[in-house]
$ cat structure13.pdb   # PDB, C-alpha atoms, pLDDT in the B column
ATOM      1  CA  MET A  10     -27.442 -15.245 -33.253  1.00 48.00           C
ATOM      2  CA  GLY A  11     -29.403 -12.065 -32.447  1.00 55.00           C
ATOM      3  CA  ILE A  12     -30.565 -13.283 -29.033  1.00 61.00           C
ATOM      4  CA  LEU A  13     -27.116 -14.634 -28.190  1.00 56.00           C
ATOM      5  CA  ASP A  14     -25.471 -11.367 -29.235  1.00 56.00           C
ATOM      6  CA  GLY A  15     -27.895  -9.419 -27.060  1.00 61.00           C
ATOM      7  CA  ILE A  16     -27.260 -11.630 -24.013  1.00 63.00           C
ATOM      8  CA  VAL A  17     -23.486 -11.482 -24.437  1.00 59.00           C
ATOM      9  CA  GLU A  18     -23.576  -7.724 -24.969  1.00 60.00           C
ATOM     10  CA  TRP A  19     -25.661  -7.246 -21.796  1.00 64.00           C
ATOM     11  CA  ILE A  20     -23.250  -9.400 -19.751  1.00 66.00           C
ATOM     12  CA  ALA A  21     -20.250  -7.468 -21.074  1.00 60.00           C
ATOM     13  CA  GLU A  22     -21.946  -4.166 -20.280  1.00 63.00           C
ATOM     14  CA  GLN A  23     -22.645  -5.249 -16.699  1.00 66.00           C
ATOM     15  CA  VAL A  24     -19.045  -6.414 -16.279  1.00 65.00           C
ATOM     16  CA  MET A  25     -17.721  -3.033 -17.387  1.00 62.00           C
ATOM     17  CA  ASN A  26     -20.208  -1.181 -15.149  1.00 64.00           C
ATOM     18  CA  ILE A  27     -18.986  -3.248 -12.177  1.00 69.00           C
ATOM     19  CA  LEU A  28     -15.415  -2.418 -13.186  1.00 65.00           C
ATOM     20  CA  ASP A  29     -16.326   1.270 -13.176  1.00 60.00           C
ATOM     21  CA  LEU A  30     -17.787   0.936  -9.665  1.00 64.00           C
ATOM     22  CA  ILE A  31     -14.755  -0.934  -8.297  1.00 65.00           C
ATOM     23  CA  THR A  32     -12.371   1.560  -9.883  1.00 62.00           C
ATOM     24  CA  THR A  33     -14.116   4.497  -8.208  1.00 56.00           C
ATOM     25  CA  SER A  34     -14.192   2.767  -4.812  1.00 61.00           C
ATOM     26  CA  VAL A  35     -10.653   1.421  -4.727  1.00 66.00           C
ATOM     27  CA  LEU A  36      -8.899   4.457  -6.176  1.00 61.00           C
ATOM     28  CA  GLY A  37     -10.469   6.543  -3.424  1.00 55.00           C
ATOM     29  CA  ALA A  38      -8.665   4.395  -0.833  1.00 64.00           C
ATOM     30  CA  LEU A  39      -5.228   4.741  -2.374  1.00 72.00           C
ATOM     31  CA  GLY A  40      -2.675   7.305  -1.361  1.00 72.00           C
ATOM     32  CA  CYS A  41       0.037   8.094   1.143  1.00 78.00           C
ATOM     33  CA  SER A  42      -2.425   9.692   3.560  1.00 80.00           C
ATOM     34  CA  MET A  43      -3.861   7.632   6.404  1.00 85.00           C
ATOM     35  CA  ASP A  44      -7.217   9.461   6.410  1.00 82.00           C
ATOM     36  CA  THR A  45      -8.961   6.711   4.437  1.00 81.00           C
ATOM     37  CA  PHE A  46      -7.337   4.011   6.577  1.00 84.00           C
ATOM     38  CA  LEU A  47      -8.667   5.641   9.746  1.00 86.00           C
ATOM     39  CA  ARG A  48     -12.100   6.005   8.181  1.00 84.00           C
ATOM     40  CA  TYR A  49     -12.371   2.231   7.731  1.00 82.00           C
ATOM     41  CA  PHE A  50     -10.254   1.248  10.759  1.00 86.00           C
ATOM     42  CA  PRO A  51     -10.903   3.948  13.393  1.00 87.00           C
ATOM     43  CA  ALA A  52      -9.603   1.746  16.224  1.00 88.00           C
ATOM     44  CA  ALA A  53      -6.059   2.002  14.824  1.00 88.00           C
ATOM     45  CA  GLU A  54      -5.638   5.571  16.112  1.00 86.00           C
ATOM     46  CA  SER A  55      -6.708   4.763  19.681  1.00 86.00           C
ATOM     47  CA  MET A  56      -4.706   1.523  19.722  1.00 89.00           C
ATOM     48  CA  TYR A  57      -1.631   3.479  18.640  1.00 91.00           C
ATOM     49  CA  GLN A  58      -1.291   4.723  22.237  1.00 90.00           C
ATOM     50  CA  VAL A  59      -1.283   1.099  23.394  1.00 91.00           C
ATOM     51  CA  PHE A  60       1.584   0.269  21.035  1.00 92.00           C
ATOM     52  CA  LEU A  61       3.415   3.411  22.126  1.00 92.00           C
ATOM     53  CA  ALA A  62       3.182   2.471  25.805  1.00 92.00           C
ATOM     54  CA  LEU A  63       4.203  -1.100  24.980  1.00 92.00           C
ATOM     55  CA  ALA A  64       7.212   0.124  22.986  1.00 92.00           C
ATOM     56  CA  ILE A  65       8.432   2.424  25.768  1.00 92.00           C
ATOM     57  CA  GLY A  66       8.030  -0.409  28.270  1.00 91.00           C
ATOM     58  CA  LEU A  67      10.040  -2.768  26.059  1.00 90.00           C
ATOM     59  CA  ILE A  68      12.858  -0.235  25.699  1.00 91.00           C
ATOM     60  CA  LEU A  69      13.108   0.367  29.436  1.00 90.00           C
ATOM     61  CA  LEU A  70      12.834  -3.344  30.196  1.00 89.00           C
ATOM     62  CA  ASN A  71      15.612  -4.141  27.752  1.00 85.00           C
ATOM     63  CA  TRP A  72      17.766  -1.363  29.236  1.00 86.00           C
ATOM     64  CA  VAL A  73      17.373  -2.692  32.780  1.00 85.00           C
ATOM     65  CA  TRP A  74      17.932  -6.278  31.657  1.00 83.00           C
ATOM     66  CA  GLN A  75      21.090  -5.472  29.705  1.00 80.00           C
ATOM     67  CA  LEU A  76      22.487  -3.459  32.623  1.00 80.00           C
ATOM     68  CA  PHE A  77      21.686  -6.333  34.962  1.00 80.00           C
ATOM     69  CA  LYS A  78      23.527  -8.748  32.659  1.00 76.00           C
ATOM     70  CA  ASN A  79      26.700  -6.650  33.049  1.00 72.00           C
ATOM     71  CA  TYR A  80      26.998  -7.910  36.608  1.00 70.00           C
ATOM     72  CA  PHE A  81      27.396 -11.478  35.292  1.00 63.00           C
ATOM     73  CA  LEU A  82      30.097 -10.823  32.678  1.00 60.00           C
ATOM     74  CA  GLY A  83      32.521 -12.893  34.688  1.00 52.00           C
ATOM     75  CA  ALA A  84      30.213 -15.878  34.431  1.00 49.00           C
ATOM     76  CA  GLY A  85      30.395 -15.829  30.616  1.00 50.00           C
ATOM     77  CA  VAL A  86      27.138 -13.959  30.065  1.00 57.00           C
ATOM     78  CA  GLU A  87      27.303 -11.603  27.090  1.00 65.00           C
ATOM     79  CA  ALA A  88      26.015  -8.054  27.520  1.00 63.00           C
ATOM     80  CA  GLU A  89      26.212  -4.741  25.687  1.00 69.00           C
ATOM     81  CA  ASP A  90      28.492  -1.929  26.733  1.00 74.00           C
ATOM     82  CA  PRO A  91      26.508   0.038  29.355  1.00 77.00           C
ATOM     83  CA  ILE A  92      27.482   3.470  27.990  1.00 82.00           C
ATOM     84  CA  LYS A  93      26.632   2.602  24.389  1.00 82.00           C
ATOM     85  CA  LEU A  94      23.515   0.806  25.576  1.00 80.00           C
ATOM     86  CA  SER A  95      22.329   3.856  27.523  1.00 85.00           C
ATOM     87  CA  MET A  96      22.973   6.204  24.614  1.00 87.00           C
ATOM     88  CA  ARG A  97      21.182   3.858  22.201  1.00 87.00           C
ATOM     89  CA  THR A  98      18.287   3.472  24.624  1.00 88.00           C
ATOM     90  CA  PHE A  99      17.705   7.209  25.000  1.00 90.00           C
ATOM     91  CA  VAL A 100      18.014   7.794  21.239  1.00 90.00           C
ATOM     92  CA  PHE A 101      15.431   5.150  20.374  1.00 90.00           C
ATOM     93  CA  LEU A 102      13.259   6.220  23.282  1.00 90.00           C
ATOM     94  CA  PHE A 103      13.105   9.650  21.654  1.00 91.00           C
ATOM     95  CA  LEU A 104      12.492   8.139  18.205  1.00 90.00           C
ATOM     96  CA  THR A 105       9.754   5.892  19.562  1.00 91.00           C
ATOM     97  CA  PHE A 106       7.971   8.770  21.262  1.00 90.00           C
ATOM     98  CA  TYR A 107       7.953  10.741  18.000  1.00 91.00           C
ATOM     99  CA  ALA A 108       7.452   7.713  15.723  1.00 90.00           C
ATOM    100  CA  LYS A 109       4.160   9.046  14.365  1.00 89.00           C
ATOM    101  CA  ASP A 110       5.729  12.360  13.355  1.00 90.00           C
ATOM    102  CA  ILE A 111       8.664  10.591  11.708  1.00 91.00           C
ATOM    103  CA  VAL A 112       6.393   8.260   9.748  1.00 91.00           C
ATOM    104  CA  ASP A 113       4.114  11.151   8.740  1.00 89.00           C
ATOM    105  CA  LEU A 114       7.169  12.951   7.360  1.00 90.00           C
ATOM    106  CA  LEU A 115       8.044   9.884   5.288  1.00 90.00           C
ATOM    107  CA  LEU A 116       4.450   9.655   4.058  1.00 89.00           C
ATOM    108  CA  ASN A 117       4.549  13.296   2.979  1.00 88.00           C
ATOM    109  CA  ILE A 118       7.802  12.710   1.100  1.00 88.00           C
ATOM    110  CA  ALA A 119       6.400   9.639  -0.688  1.00 84.00           C
ATOM    111  CA  GLY A 120       3.076  11.408  -1.246  1.00 81.00           C
ATOM    112  CA  THR A 121       4.755  14.077  -3.396  1.00 82.00           C
ATOM    113  CA  PRO A 122       5.533  11.843  -6.414  1.00 81.00           C
ATOM    114  CA  TYR A 123       2.267   9.978  -5.768  1.00 78.00           C
ATOM    115  CA  GLY A 124       0.362  13.241  -6.086  1.00 75.00           C
ATOM    116  CA  TRP A 125       2.257  14.134  -9.255  1.00 76.00           C
ATOM    117  CA  ILE A 126       1.202  10.826 -10.815  1.00 73.00           C
ATOM    118  CA  LEU A 127      -2.465  11.194  -9.884  1.00 68.00           C
ATOM    119  CA  THR A 128      -2.759  14.824 -10.995  1.00 69.00           C
ATOM    120  CA  GLU A 129      -1.450  14.198 -14.511  1.00 62.00           C
ATOM    121  CA  ASP A 130      -4.068  14.950 -17.163  1.00 58.00           C
ATOM    122  CA  LEU A 131      -5.220  11.809 -18.961  1.00 48.00           C
ATOM    123  CA  PRO A 132      -7.791  11.105 -21.692  1.00 48.00           C
ATOM    124  CA  PRO A 133     -11.345  10.703 -20.340  1.00 47.00           C
ATOM    125  CA  LEU A 134     -12.041   7.135 -19.243  1.00 47.00           C
ATOM    126  CA  LYS A 135     -15.304   5.204 -19.099  1.00 52.00           C
ATOM    127  CA  PHE A 136     -14.967   1.438 -19.045  1.00 50.00           C
ATOM    128  CA  ALA A 137     -18.577   0.903 -20.084  1.00 49.00           C
ATOM    129  CA  ASP A 138     -17.721   2.231 -23.562  1.00 53.00           C
ATOM    130  CA  PHE A 139     -14.793  -0.144 -23.978  1.00 52.00           C
ATOM    131  CA  ASN A 140     -16.924  -3.176 -24.892  1.00 51.00           C
ATOM    132  CA  SER A 141     -18.738  -1.371 -27.704  1.00 53.00           C
ATOM    133  CA  VAL A 142     -15.430  -0.183 -29.202  1.00 51.00           C
ATOM    134  CA  ILE A 143     -14.035  -3.740 -29.138  1.00 53.00           C
ATOM    135  CA  THR A 144     -17.204  -5.056 -30.784  1.00 53.00           C
ATOM    136  CA  VAL A 145     -16.998  -2.475 -33.577  1.00 51.00           C
ATOM    137  CA  ILE A 146     -13.333  -3.225 -34.272  1.00 49.00           C
ATOM    138  CA  LEU A 147     -13.839  -7.011 -34.261  1.00 49.00           C
ATOM    139  CA  GLY A 148     -16.911  -6.594 -36.443  1.00 52.00           C
ATOM    140  CA  VAL A 149     -14.691  -5.218 -39.203  1.00 46.00           C
ATOM    141  CA  CYS A 150     -12.422  -8.270 -39.046  1.00 48.00           C
ATOM    142  CA  ALA A 151     -14.802 -11.143 -38.341  1.00 48.00           C
ATOM    143  CA  ASN A 152     -18.400 -12.285 -38.472  1.00 50.00           C
ATOM    144  CA  GLY A 153     -20.577 -14.615 -36.436  1.00 49.00           C
ATOM    145  CA  ALA A 154     -19.254 -14.988 -32.897  1.00 58.00           C
ATOM    146  CA  VAL A 155     -17.912 -11.433 -32.622  1.00 58.00           C
ATOM    147  CA  ALA A 156     -19.865 -10.722 -29.422  1.00 60.00           C
ATOM    148  CA  ILE A 157     -18.486 -13.820 -27.688  1.00 67.00           C
ATOM    149  CA  ILE A 158     -14.918 -12.872 -28.626  1.00 67.00           C
ATOM    150  CA  ALA A 159     -15.539  -9.338 -27.336  1.00 63.00           C
ATOM    151  CA  LEU A 160     -16.944 -10.729 -24.073  1.00 66.00           C
ATOM    152  CA  ILE A 161     -13.858 -12.917 -23.556  1.00 74.00           C
ATOM    153  CA  LEU A 162     -11.559  -9.949 -24.136  1.00 71.00           C
ATOM    154  CA  VAL A 163     -13.591  -7.796 -21.750  1.00 69.00           C
ATOM    155  CA  LEU A 164     -13.510 -10.484 -19.036  1.00 74.00           C
ATOM    156  CA  ILE A 165      -9.740 -10.897 -19.379  1.00 78.00           C
ATOM    157  CA  LEU A 166      -9.284  -7.126 -19.197  1.00 75.00           C
ATOM    158  CA  ALA A 167     -11.607  -6.774 -16.201  1.00 73.00           C
ATOM    159  CA  TRP A 168     -10.015  -9.647 -14.263  1.00 80.00           C
ATOM    160  CA  ASN A 169      -6.467  -8.365 -14.639  1.00 79.00           C
ATOM    161  CA  TYR A 170      -7.445  -4.792 -13.856  1.00 77.00           C
ATOM    162  CA  ILE A 171      -9.366  -5.825 -10.723  1.00 77.00           C
ATOM    163  CA  LYS A 172      -6.331  -7.810  -9.529  1.00 81.00           C
ATOM    164  CA  LEU A 173      -4.155  -4.732  -9.963  1.00 79.00           C
ATOM    165  CA  LEU A 174      -6.648  -2.542  -8.083  1.00 79.00           C
ATOM    166  CA  PHE A 175      -6.950  -4.902  -5.148  1.00 78.00           C
ATOM    167  CA  GLU A 176      -3.192  -5.386  -4.991  1.00 81.00           C
ATOM    168  CA  ALA A 177      -2.834  -1.617  -4.639  1.00 80.00           C
ATOM    169  CA  ALA A 178      -5.549  -1.552  -1.951  1.00 81.00           C
ATOM    170  CA  GLU A 179      -3.842  -4.414  -0.103  1.00 83.00           C
ATOM    171  CA  ARG A 180      -0.557  -2.515  -0.080  1.00 84.00           C
ATOM    172  CA  TYR A 181      -2.342   0.542   1.304  1.00 86.00           C
ATOM    173  CA  VAL A 182      -3.805  -1.479   4.182  1.00 86.00           C
ATOM    174  CA  LEU A 183      -0.408  -3.048   4.901  1.00 88.00           C
ATOM    175  CA  LEU A 184       1.138   0.426   4.890  1.00 89.00           C
ATOM    176  CA  GLY A 185      -1.421   1.525   7.475  1.00 89.00           C
ATOM    177  CA  VAL A 186      -0.533  -1.439   9.684  1.00 90.00           C
ATOM    178  CA  LEU A 187       3.157  -0.543   9.464  1.00 91.00           C
ATOM    179  CA  VAL A 188       2.438   3.106  10.293  1.00 91.00           C
ATOM    180  CA  TYR A 189       0.314   2.454  13.379  1.00 92.00           C
ATOM    181  CA  THR A 190       2.629  -0.221  14.774  1.00 91.00           C
ATOM    182  CA  ALA A 191       5.729   1.932  14.198  1.00 91.00           C
ATOM    183  CA  PRO A 192       6.503   2.482  17.932  1.00 92.00           C
ATOM    184  CA  VAL A 193       7.026  -1.248  18.480  1.00 91.00           C
ATOM    185  CA  ALA A 194       9.325  -1.394  15.460  1.00 91.00           C
ATOM    186  CA  PHE A 195      11.352   1.569  16.762  1.00 92.00           C
ATOM    187  CA  SER A 196      11.657  -0.085  20.161  1.00 90.00           C
ATOM    188  CA  MET A 197      13.415  -3.037  18.528  1.00 89.00           C
ATOM    189  CA  GLY A 198      16.297  -0.765  17.539  1.00 87.00           C
ATOM    190  CA  ALA A 199      17.224  -0.070  21.152  1.00 85.00           C
ATOM    191  CA  SER A 200      19.164  -3.330  21.427  1.00 82.00           C
ATOM    192  CA  GLN A 201      21.794  -4.931  19.209  1.00 81.00           C
ATOM    193  CA  THR A 202      20.114  -8.306  19.501  1.00 79.00           C
ATOM    194  CA  THR A 203      16.824  -6.996  18.042  1.00 83.00           C
ATOM    195  CA  GLY A 204      18.292  -4.339  15.749  1.00 84.00           C
ATOM    196  CA  ASN A 205      17.743  -6.535  12.682  1.00 89.00           C
ATOM    197  CA  ILE A 206      13.988  -6.420  13.313  1.00 89.00           C
ATOM    198  CA  PHE A 207      14.036  -2.632  13.167  1.00 90.00           C
ATOM    199  CA  LYS A 208      16.116  -2.699   9.971  1.00 90.00           C
ATOM    200  CA  SER A 209      13.704  -5.166   8.378  1.00 91.00           C
ATOM    201  CA  TRP A 210      10.768  -2.919   9.304  1.00 91.00           C
ATOM    202  CA  CYS A 211      12.510   0.061   7.701  1.00 91.00           C
ATOM    203  CA  ARG A 212      13.071  -1.905   4.507  1.00 92.00           C
ATOM    204  CA  MET A 213       9.469  -3.078   4.512  1.00 91.00           C
ATOM    205  CA  LEU A 214       8.111   0.451   5.028  1.00 91.00           C
ATOM    206  CA  GLY A 215      10.301   1.853   2.265  1.00 90.00           C
ATOM    207  CA  GLY A 216       9.336  -1.008  -0.037  1.00 89.00           C
ATOM    208  CA  GLN A 217       5.612  -0.520   0.561  1.00 88.00           C
ATOM    209  CA  LEU A 218       5.857   3.208  -0.118  1.00 88.00           C
ATOM    210  CA  PHE A 219       7.759   2.570  -3.342  1.00 88.00           C
ATOM    211  CA  LEU A 220       5.355  -0.163  -4.492  1.00 86.00           C
ATOM    212  CA  LEU A 221       2.340   2.024  -3.678  1.00 83.00           C
ATOM    213  CA  VAL A 222       3.728   4.752  -5.920  1.00 83.00           C
ATOM    214  CA  MET A 223       4.510   2.205  -8.648  1.00 83.00           C
ATOM    215  CA  ASN A 224       0.991   0.748  -8.427  1.00 79.00           C
ATOM    216  CA  ALA A 225      -0.461   4.211  -8.951  1.00 76.00           C
ATOM    217  CA  TRP A 226       1.886   4.650 -11.924  1.00 79.00           C
ATOM    218  CA  CYS A 227       0.755   1.339 -13.458  1.00 76.00           C
ATOM    219  CA  LEU A 228      -2.923   2.184 -12.934  1.00 73.00           C
ATOM    220  CA  ARG A 229      -2.453   5.549 -14.571  1.00 72.00           C
ATOM    221  CA  LEU A 230      -0.657   3.928 -17.506  1.00 73.00           C
ATOM    222  CA  PHE A 231      -3.529   1.487 -17.897  1.00 69.00           C
ATOM    223  CA  THR A 232      -6.235   4.145 -17.743  1.00 66.00           C
ATOM    224  CA  SER A 233      -4.225   6.270 -20.158  1.00 65.00           C
ATOM    225  CA  MET A 234      -4.080   3.369 -22.608  1.00 63.00           C
ATOM    226  CA  VAL A 235      -7.810   2.643 -22.379  1.00 59.00           C
ATOM    227  CA  GLY A 236      -8.716   6.342 -22.564  1.00 53.00           C
ATOM    228  CA  THR A 237      -6.588   6.791 -25.689  1.00 54.00           C
ATOM    229  CA  PHE A 238      -8.071   3.603 -27.159  1.00 51.00           C
ATOM    230  CA  LEU A 239     -11.606   4.902 -26.630  1.00 47.00           C
ATOM    231  CA  ALA A 240     -10.759   8.305 -28.055  1.00 47.00           C
ATOM    232  CA  ASN A 241      -8.995   6.976 -31.191  1.00 51.00           C
ATOM    233  CA  PRO A 242     -10.027   3.305 -31.665  1.00 45.00           C
ATOM    234  CA  LEU A 243      -9.052   3.137 -35.353  1.00 44.00           C
ATOM    235  CA  SER A 244      -5.576   4.572 -34.860  1.00 45.00           C
ATOM    236  CA  LEU A 245      -4.394   1.643 -32.650  1.00 43.00           C
TER     237      LEU A 245
END

$ encode --input "structure13.pdb" --output "structure tokens"
Amino acid sequence: MGILDGIVEWIAEQVMNILDLITTSVLGALGCSMDTFLRYFPAAESMYQVFLALAIGLILLNWVWQLFKNYFLGAGVEAEDPIKLSMRTFVFLFLTFYAKDIVDLLLNIAGTPYGWILTEDLPPLKFADFNSVITVILGVCANGAVAIIALILVLILAWNYIKLLFEAAERYVLLGVLVYTAPVAFSMGASQTTGNIFKSWCRMLGGQLFLLVMNAWCLRLFTSMVGTFLANPLSL
């Protein structure tokens, strides 16, 4: 069993080292700041001007079209009230032009609790030590295939933690997409017929910000648990 234990221990050590590497890489991409998003997707900033021009064009086109439809009210064609339409158009034209500033303000607001979560002091964490602690604890309770049991536990831990990390990274990328396509979403609010699209975008943006903060909270809870486990393995 000596050779088998050595092979299993080496595999478990490599798994935890990979988990350390992924943790460092993914956690660096999380946050409510778009700096990391622009680092990996630099075209998003230049294409933002394209979406802004498209959004302004859609607002003006909708305004002209709705005003034109008012001439056919007698023919049974439905149209919005021209005064309310004009007021709504100019309001959302202003919001669309300053969409980036509005979204940045929301990111700063959501980034406050996110920063509080990440700056909390936690026990020191090194995943590579986790396998050895599990092996020691199982060695007290069992004999023989202890290393295999430890490897299975490490693989289950690593798989679930990696899924949580990549889910958080996926939400960050989706948040970046919502931020840099914001002008088009704001342009949908200029008309009653497309207002539901703008409301859905607002709900989606708020939901992604909330879930990003909750993902950071869950990751910090997990690292806190593992760090405490490594510091006091016999007390758990």

$ atom_distance --input "structure13.pdb" --atom1 "CA of Gly40 (chain A)" --atom2 "CA of Thr121 (chain A)"
10.3 Å

$ resolve_selection --input "structure13.pdb" --expression "the PyMOL selection byres ((chain A and resi 47) around 12)" --output "number ranges by chain"
A: 38, 42-46, 48-57, 181-182, 185-186, 188-189

$ resolve_selection --input "structure13.pdb" --expression "the PyMOL selection byres ((chain A and resi 217-221) around 8)" --output "compact mmCIF listing (two decimals) with C-alpha atoms, in the frame of the given file"
# COMPACT_ATOMS: atom_id res chain seq x y z
CA GLY A 40 -2.68 7.30 -1.36
CA CYS A 41 0.04 8.09 1.14
CA LEU A 116 4.45 9.65 4.06
CA ALA A 119 6.40 9.64 -0.69
CA ALA A 177 -2.83 -1.62 -4.64
CA ARG A 180 -0.56 -2.52 -0.08
CA TYR A 181 -2.34 0.54 1.30
CA LEU A 183 -0.41 -3.05 4.90
CA LEU A 184 1.14 0.43 4.89
CA MET A 213 9.47 -3.08 4.51
CA LEU A 214 8.11 0.45 5.03
CA GLY A 215 10.30 1.85 2.26
CA GLY A 216 9.34 -1.01 -0.04
CA VAL A 222 3.73 4.75 -5.92
CA MET A 223 4.51 2.20 -8.65
CA ASN A 224 0.99 0.75 -8.43
CA ALA A 225 -0.46 4.21 -8.95

$ residues_around --input "structure13.pdb" --residues "Phe60 (chain A)" --least-positions-apart "3" --cutoff "7 Å" --atoms "only C-alpha atoms" --output "count of residues only"
7

$ closest_residue --input "structure13.pdb" --among "A:Ile161, A:Met197, A:Leu61, A:Leu94" --to "Trp74 (chain A)" --atoms "only C-alpha atoms"
A:Leu94

$ closest_residue --input "structure13.pdb" --among "A:Lys208, A:Arg229, A:Lys172, A:Arg97" --to "Ile68 (chain A)" --atoms "only C-alpha atoms"
A:Arg97

$ atom_distance --input "structure13.pdb" --atom1 "CA of Val100 (chain A)" --atom2 "CA of Leu114 (chain A)"
18.4 Å

$ closest_residue --input "structure13.pdb" --among "A:Leu230, A:Leu187, A:Leu174, A:Cys211" --to "Lys109 (chain A)" --atoms "only C-alpha atoms"
A:Leu187

$ residues_around --input "structure13.pdb" --residues "Ala199 (chain A)" --least-positions-apart "2" --cutoff "10 Å" --atoms "all atoms listed in the file" --output "compact mmCIF listing (two decimals) with C-alpha atoms, keeping the file's coordinate frame"
# COMPACT_ATOMS: atom_id res chain seq x y z
CA LEU A 67 10.04 -2.77 26.06
CA ILE A 68 12.86 -0.24 25.70
CA LEU A 69 13.11 0.37 29.44
CA ASN A 71 15.61 -4.14 27.75
CA TRP A 72 17.77 -1.36 29.24
CA LEU A 94 23.52 0.81 25.58
CA SER A 95 22.33 3.86 27.52
CA MET A 96 22.97 6.20 24.61
CA ARG A 97 21.18 3.86 22.20
CA THR A 98 18.29 3.47 24.62
CA PHE A 99 17.70 7.21 25.00
CA VAL A 100 18.01 7.79 21.24
CA PHE A 101 15.43 5.15 20.37
CA LEU A 102 13.26 6.22 23.28
CA LEU A 104 12.49 8.14 18.20
CA THR A 105 9.75 5.89 19.56
CA ALA A 194 9.32 -1.39 15.46
CA PHE A 195 11.35 1.57 16.76
CA SER A 196 11.66 -0.08 20.16
CA MET A 197 13.42 -3.04 18.53
CA GLN A 201 21.79 -4.93 19.21
CA THR A 202 20.11 -8.31 19.50
CA THR A 203 16.82 -7.00 18.04
CA GLY A 204 18.29 -4.34 15.75
CA PHE A 207 14.04 -2.63 13.17

$ atom_distance --input "structure13.pdb" --atom1 "CA of Asn79 (chain A)" --atom2 "CA of Phe106 (chain A)"
27.0 Å
